[in-house]
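To be precise, the following lines are my_file-v1.cif, and they hold mmCIF, N, CA and C atoms and all ligand atoms.
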```cif
data_input
#
loop_
_atom_site.label_atom_id
_atom_site.label_comp_id
_atom_site.auth_asym_id
_atom_site.auth_seq_id
_atom_site.Cartn_x
_atom_site.Cartn_y
_atom_site.Cartn_z
N MET Q 1 84.74 110.24 96.10
CA MET Q 1 86.20 110.22 96.24
C MET Q 1 86.58 109.55 97.55
N PRO Q 2 87.45 108.55 97.51
CA PRO Q 2 87.85 107.87 98.76
C PRO Q 2 88.58 108.82 99.71
N GLN Q 3 88.38 108.59 100.98
CA GLN Q 3 89.03 109.40 102.01
C GLN Q 3 89.89 108.51 102.89
N LEU Q 4 90.88 109.13 103.52
CA LEU Q 4 91.68 108.41 104.50
C LEU Q 4 91.03 108.57 105.86
N ILE Q 5 90.83 107.46 106.55
CA ILE Q 5 90.25 107.48 107.89
C ILE Q 5 91.32 107.02 108.87
N VAL Q 6 91.57 107.81 109.90
CA VAL Q 6 92.60 107.46 110.87
C VAL Q 6 92.14 106.28 111.70
N LEU Q 7 92.97 105.26 111.78
CA LEU Q 7 92.65 104.07 112.55
C LEU Q 7 93.35 104.06 113.89
N GLU Q 8 94.58 104.52 113.90
CA GLU Q 8 95.40 104.37 115.10
C GLU Q 8 96.32 105.57 115.25
N LYS Q 9 96.45 106.03 116.50
CA LYS Q 9 97.37 107.12 116.79
C LYS Q 9 98.36 106.69 117.84
N ILE Q 10 99.57 107.16 117.72
CA ILE Q 10 100.58 106.96 118.75
C ILE Q 10 101.08 108.33 119.16
N ASP Q 11 100.99 108.63 120.45
CA ASP Q 11 101.37 109.94 120.97
C ASP Q 11 100.63 111.06 120.24
N GLY Q 12 99.38 110.84 119.91
CA GLY Q 12 98.57 111.87 119.28
C GLY Q 12 98.82 112.04 117.79
N THR Q 13 99.71 111.23 117.24
CA THR Q 13 100.01 111.32 115.81
C THR Q 13 99.46 110.11 115.07
N PRO Q 14 98.70 110.33 114.02
CA PRO Q 14 98.18 109.19 113.27
C PRO Q 14 99.30 108.36 112.65
N VAL Q 15 99.21 107.04 112.79
CA VAL Q 15 100.22 106.15 112.20
C VAL Q 15 99.57 105.10 111.31
N SER Q 16 98.25 105.01 111.36
CA SER Q 16 97.58 103.97 110.60
C SER Q 16 96.25 104.50 110.10
N TRP Q 17 95.97 104.25 108.83
CA TRP Q 17 94.78 104.78 108.18
C TRP Q 17 94.07 103.68 107.41
N ARG Q 18 92.82 103.98 107.00
CA ARG Q 18 92.05 103.07 106.19
C ARG Q 18 91.41 103.85 105.05
N CYS Q 19 91.32 103.20 103.90
CA CYS Q 19 90.62 103.82 102.76
C CYS Q 19 89.13 103.69 103.01
N SER Q 20 88.38 104.80 102.89
CA SER Q 20 86.95 104.77 103.17
C SER Q 20 86.18 103.93 102.15
N ASP Q 21 86.75 103.75 100.98
CA ASP Q 21 86.05 103.03 99.91
C ASP Q 21 86.25 101.52 99.96
N CYS Q 22 87.51 101.09 100.08
CA CYS Q 22 87.75 99.65 99.98
C CYS Q 22 88.33 99.08 101.27
N ARG Q 23 88.46 99.90 102.29
CA ARG Q 23 88.92 99.46 103.60
C ARG Q 23 90.35 98.91 103.61
N GLN Q 24 91.10 99.24 102.61
CA GLN Q 24 92.51 98.84 102.64
C GLN Q 24 93.23 99.64 103.72
N ASN Q 25 94.13 98.98 104.42
CA ASN Q 25 94.87 99.64 105.48
C ASN Q 25 96.20 100.19 104.99
N PHE Q 26 96.56 101.31 105.57
CA PHE Q 26 97.86 101.93 105.30
C PHE Q 26 98.48 102.27 106.64
N SER Q 27 99.78 102.11 106.73
CA SER Q 27 100.41 102.55 107.96
C SER Q 27 101.81 103.08 107.68
N VAL Q 28 102.18 104.07 108.45
CA VAL Q 28 103.52 104.64 108.37
C VAL Q 28 104.10 104.60 109.77
N ARG Q 29 104.97 103.66 110.00
CA ARG Q 29 105.57 103.50 111.32
C ARG Q 29 107.06 103.75 111.23
N GLY Q 30 107.66 103.90 112.39
CA GLY Q 30 109.08 104.15 112.42
C GLY Q 30 109.37 105.58 112.81
N LYS Q 31 110.61 105.95 112.76
CA LYS Q 31 111.01 107.26 113.24
C LYS Q 31 110.87 108.30 112.14
N PHE Q 32 109.66 108.82 112.02
CA PHE Q 32 109.40 109.88 111.06
C PHE Q 32 108.84 111.08 111.82
N THR Q 33 109.08 112.25 111.28
CA THR Q 33 108.42 113.42 111.84
C THR Q 33 106.98 113.41 111.32
N VAL Q 34 106.14 114.24 111.93
CA VAL Q 34 104.74 114.30 111.52
C VAL Q 34 104.67 114.68 110.03
N GLN Q 35 105.52 115.62 109.63
CA GLN Q 35 105.50 116.07 108.22
C GLN Q 35 105.91 114.94 107.28
N GLU Q 36 106.94 114.20 107.67
CA GLU Q 36 107.40 113.09 106.83
C GLU Q 36 106.31 112.03 106.70
N ARG Q 37 105.66 111.77 107.81
CA ARG Q 37 104.59 110.77 107.82
C ARG Q 37 103.45 111.21 106.91
N GLN Q 38 103.09 112.48 107.04
CA GLN Q 38 102.01 113.05 106.23
C GLN Q 38 102.35 112.92 104.74
N LYS Q 39 103.60 113.21 104.43
CA LYS Q 39 104.05 113.15 103.04
C LYS Q 39 103.99 111.72 102.51
N LYS Q 40 104.44 110.78 103.35
CA LYS Q 40 104.46 109.37 102.94
C LYS Q 40 103.05 108.84 102.73
N ILE Q 41 102.17 109.12 103.68
CA ILE Q 41 100.81 108.57 103.56
C ILE Q 41 100.08 109.22 102.40
N THR Q 42 100.32 110.50 102.17
CA THR Q 42 99.68 111.18 101.05
C THR Q 42 100.11 110.55 99.73
N ALA Q 43 101.41 110.29 99.60
CA ALA Q 43 101.94 109.69 98.37
C ALA Q 43 101.39 108.28 98.20
N GLU Q 44 101.34 107.54 99.31
CA GLU Q 44 100.86 106.16 99.25
C GLU Q 44 99.38 106.12 98.87
N PHE Q 45 98.61 107.02 99.46
CA PHE Q 45 97.17 107.03 99.21
C PHE Q 45 96.88 107.49 97.78
N LYS Q 46 97.69 108.42 97.30
CA LYS Q 46 97.53 108.89 95.93
C LYS Q 46 97.78 107.73 94.95
N ALA Q 47 98.84 106.97 95.23
CA ALA Q 47 99.16 105.82 94.38
C ALA Q 47 98.03 104.80 94.43
N HIS Q 48 97.45 104.62 95.62
CA HIS Q 48 96.36 103.68 95.80
C HIS Q 48 95.13 104.12 95.00
N ILE Q 49 94.82 105.41 95.02
CA ILE Q 49 93.68 105.92 94.25
C ILE Q 49 93.92 105.72 92.76
N GLU Q 50 95.14 106.01 92.32
CA GLU Q 50 95.49 105.81 90.91
C GLU Q 50 95.27 104.35 90.53
N ALA Q 51 95.67 103.43 91.41
CA ALA Q 51 95.63 102.01 91.09
C ALA Q 51 94.23 101.43 91.24
N SER Q 52 93.48 101.87 92.27
CA SER Q 52 92.22 101.20 92.60
C SER Q 52 90.97 102.04 92.36
N HIS Q 53 91.08 103.35 92.40
CA HIS Q 53 89.87 104.18 92.35
C HIS Q 53 89.93 105.26 91.29
N LYS Q 54 90.77 105.02 90.29
CA LYS Q 54 90.99 106.07 89.29
C LYS Q 54 89.69 106.47 88.60
N SER Q 55 88.86 105.49 88.19
CA SER Q 55 87.66 105.81 87.44
C SER Q 55 86.69 106.63 88.28
N GLU Q 56 86.54 106.27 89.57
CA GLU Q 56 85.65 107.02 90.45
C GLU Q 56 86.16 108.44 90.65
N ALA Q 57 87.47 108.53 90.87
CA ALA Q 57 88.07 109.84 91.11
C ALA Q 57 87.87 110.72 89.89
N LEU Q 58 88.06 110.15 88.71
CA LEU Q 58 87.88 110.91 87.48
C LEU Q 58 86.44 111.35 87.32
N ALA Q 59 85.51 110.44 87.59
CA ALA Q 59 84.09 110.77 87.46
C ALA Q 59 83.73 111.91 88.40
N ASP Q 60 84.23 111.85 89.63
CA ASP Q 60 83.99 112.92 90.60
C ASP Q 60 84.55 114.23 90.09
N GLY Q 61 85.77 114.17 89.58
CA GLY Q 61 86.43 115.37 89.09
C GLY Q 61 85.66 115.98 87.93
N MET Q 62 85.16 115.12 87.04
CA MET Q 62 84.43 115.62 85.88
C MET Q 62 83.12 116.24 86.30
N ALA Q 63 82.42 115.62 87.25
CA ALA Q 63 81.15 116.16 87.73
C ALA Q 63 81.39 117.52 88.36
N PHE Q 64 82.46 117.62 89.11
CA PHE Q 64 82.78 118.87 89.77
C PHE Q 64 83.08 119.95 88.73
N ALA Q 65 83.89 119.59 87.73
CA ALA Q 65 84.26 120.54 86.69
C ALA Q 65 83.01 120.99 85.93
N ALA Q 66 82.11 120.02 85.64
CA ALA Q 66 80.89 120.35 84.91
C ALA Q 66 80.05 121.33 85.72
N GLY Q 67 79.98 121.10 87.06
CA GLY Q 67 79.22 121.99 87.91
C GLY Q 67 79.79 123.40 87.89
N VAL Q 68 81.10 123.49 87.93
CA VAL Q 68 81.77 124.79 87.97
C VAL Q 68 81.55 125.55 86.67
N ARG Q 69 81.52 124.78 85.57
CA ARG Q 69 81.44 125.44 84.26
C ARG Q 69 80.01 125.75 83.82
N LEU Q 70 79.01 125.31 84.61
CA LEU Q 70 77.63 125.57 84.20
C LEU Q 70 77.40 127.07 84.07
N PRO Q 71 76.84 127.50 82.93
CA PRO Q 71 76.60 128.94 82.78
C PRO Q 71 75.51 129.41 83.73
N ASP Q 72 75.55 130.63 84.12
CA ASP Q 72 74.57 131.20 85.05
C ASP Q 72 73.57 132.01 84.26
N TYR Q 73 72.32 131.52 84.20
CA TYR Q 73 71.31 132.18 83.36
C TYR Q 73 70.44 133.16 84.14
N ARG Q 74 70.74 133.38 85.41
CA ARG Q 74 69.87 134.25 86.19
C ARG Q 74 69.91 135.68 85.69
ZN ZN W 101 90.71 102.22 98.43
#
```
Rewrite the coordinates I just gave you, this time as structure tokens.
Amino acid sequence: MPQLIVLEKIDGTPVSWRCSDCRQNFSVRGKFTVQERQKKITAEFKAHIEASHKSEALADGMAFAAGVRLPDYR
């Protein structure tokens, strides 16, 4: 599953990120609160995963679900 990696901070607040999988850059600049920024980057990254990494994300999710559902024979 791709992760967001912080590239740049201003005043201790992240403003620029990179996708760990494809190295695409994301940035949220301007007068936003930390919460607003977090919300924007989360939405943007989610859209990016849907567009670029959907199959990987699904495969990860399925593997995880399969692991959780494995019966315990002990
Ligand atoms: Zn990516």
Show me which residues are within 9 Å of ligand ZN 101 (chain W) counting only C-alpha atoms and all ligand atoms, and format the list as a list of chain:residue names.
Q:Pro2, Q:Gln3, Q:Leu4, Q:Arg18, Q:Cys19, Q:Ser20, Q:Asp21, Q:Cys22, Q:Arg23, Q:Gln24, Q:Asn25, Q:Phe45, Q:His48, Q:Ile49, Q:Ala51, Q:Ser52, Q:His53
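You will find atom CA of Q:Val6 at 10.4 Å from atom N of Q:Val28.
When only N, CA and C atoms are used to compute distances to Q:Ala59, the closest of the residues Q:Pro14, Q:Arg29, Q:Met1, Q:Ala47 turns out to be Q:Met1.
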Would you mind writing down, as a ChimeraX atom specification, each residue of stretch 16-56 of chain Q that DSSP on the backbone assigns to strand (DSSP E)?
/Q:16-19,25-27
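Between atom CA of Q:Lys31 and atom CA of Q:Glu50 the interatomic distance comes to 27.2 Å.
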Q:Ser55, Q:Trp17, Q:Gly30, Q:Lys9: which is nearest Q:Thr42, counting only C-alpha atoms?
Q:Trp17
Can you pull out every residue within 7 Å of Q:Ser27, counting only N, CA and C atoms, but drop anything in the same chain fewer than 3 positions away, and send it as a ChimeraX atom specification?
/Q:15-17,41
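Take atom C of Q:Gln38 and atom C of Q:Lys54: the distance between them is 21.5 Å.
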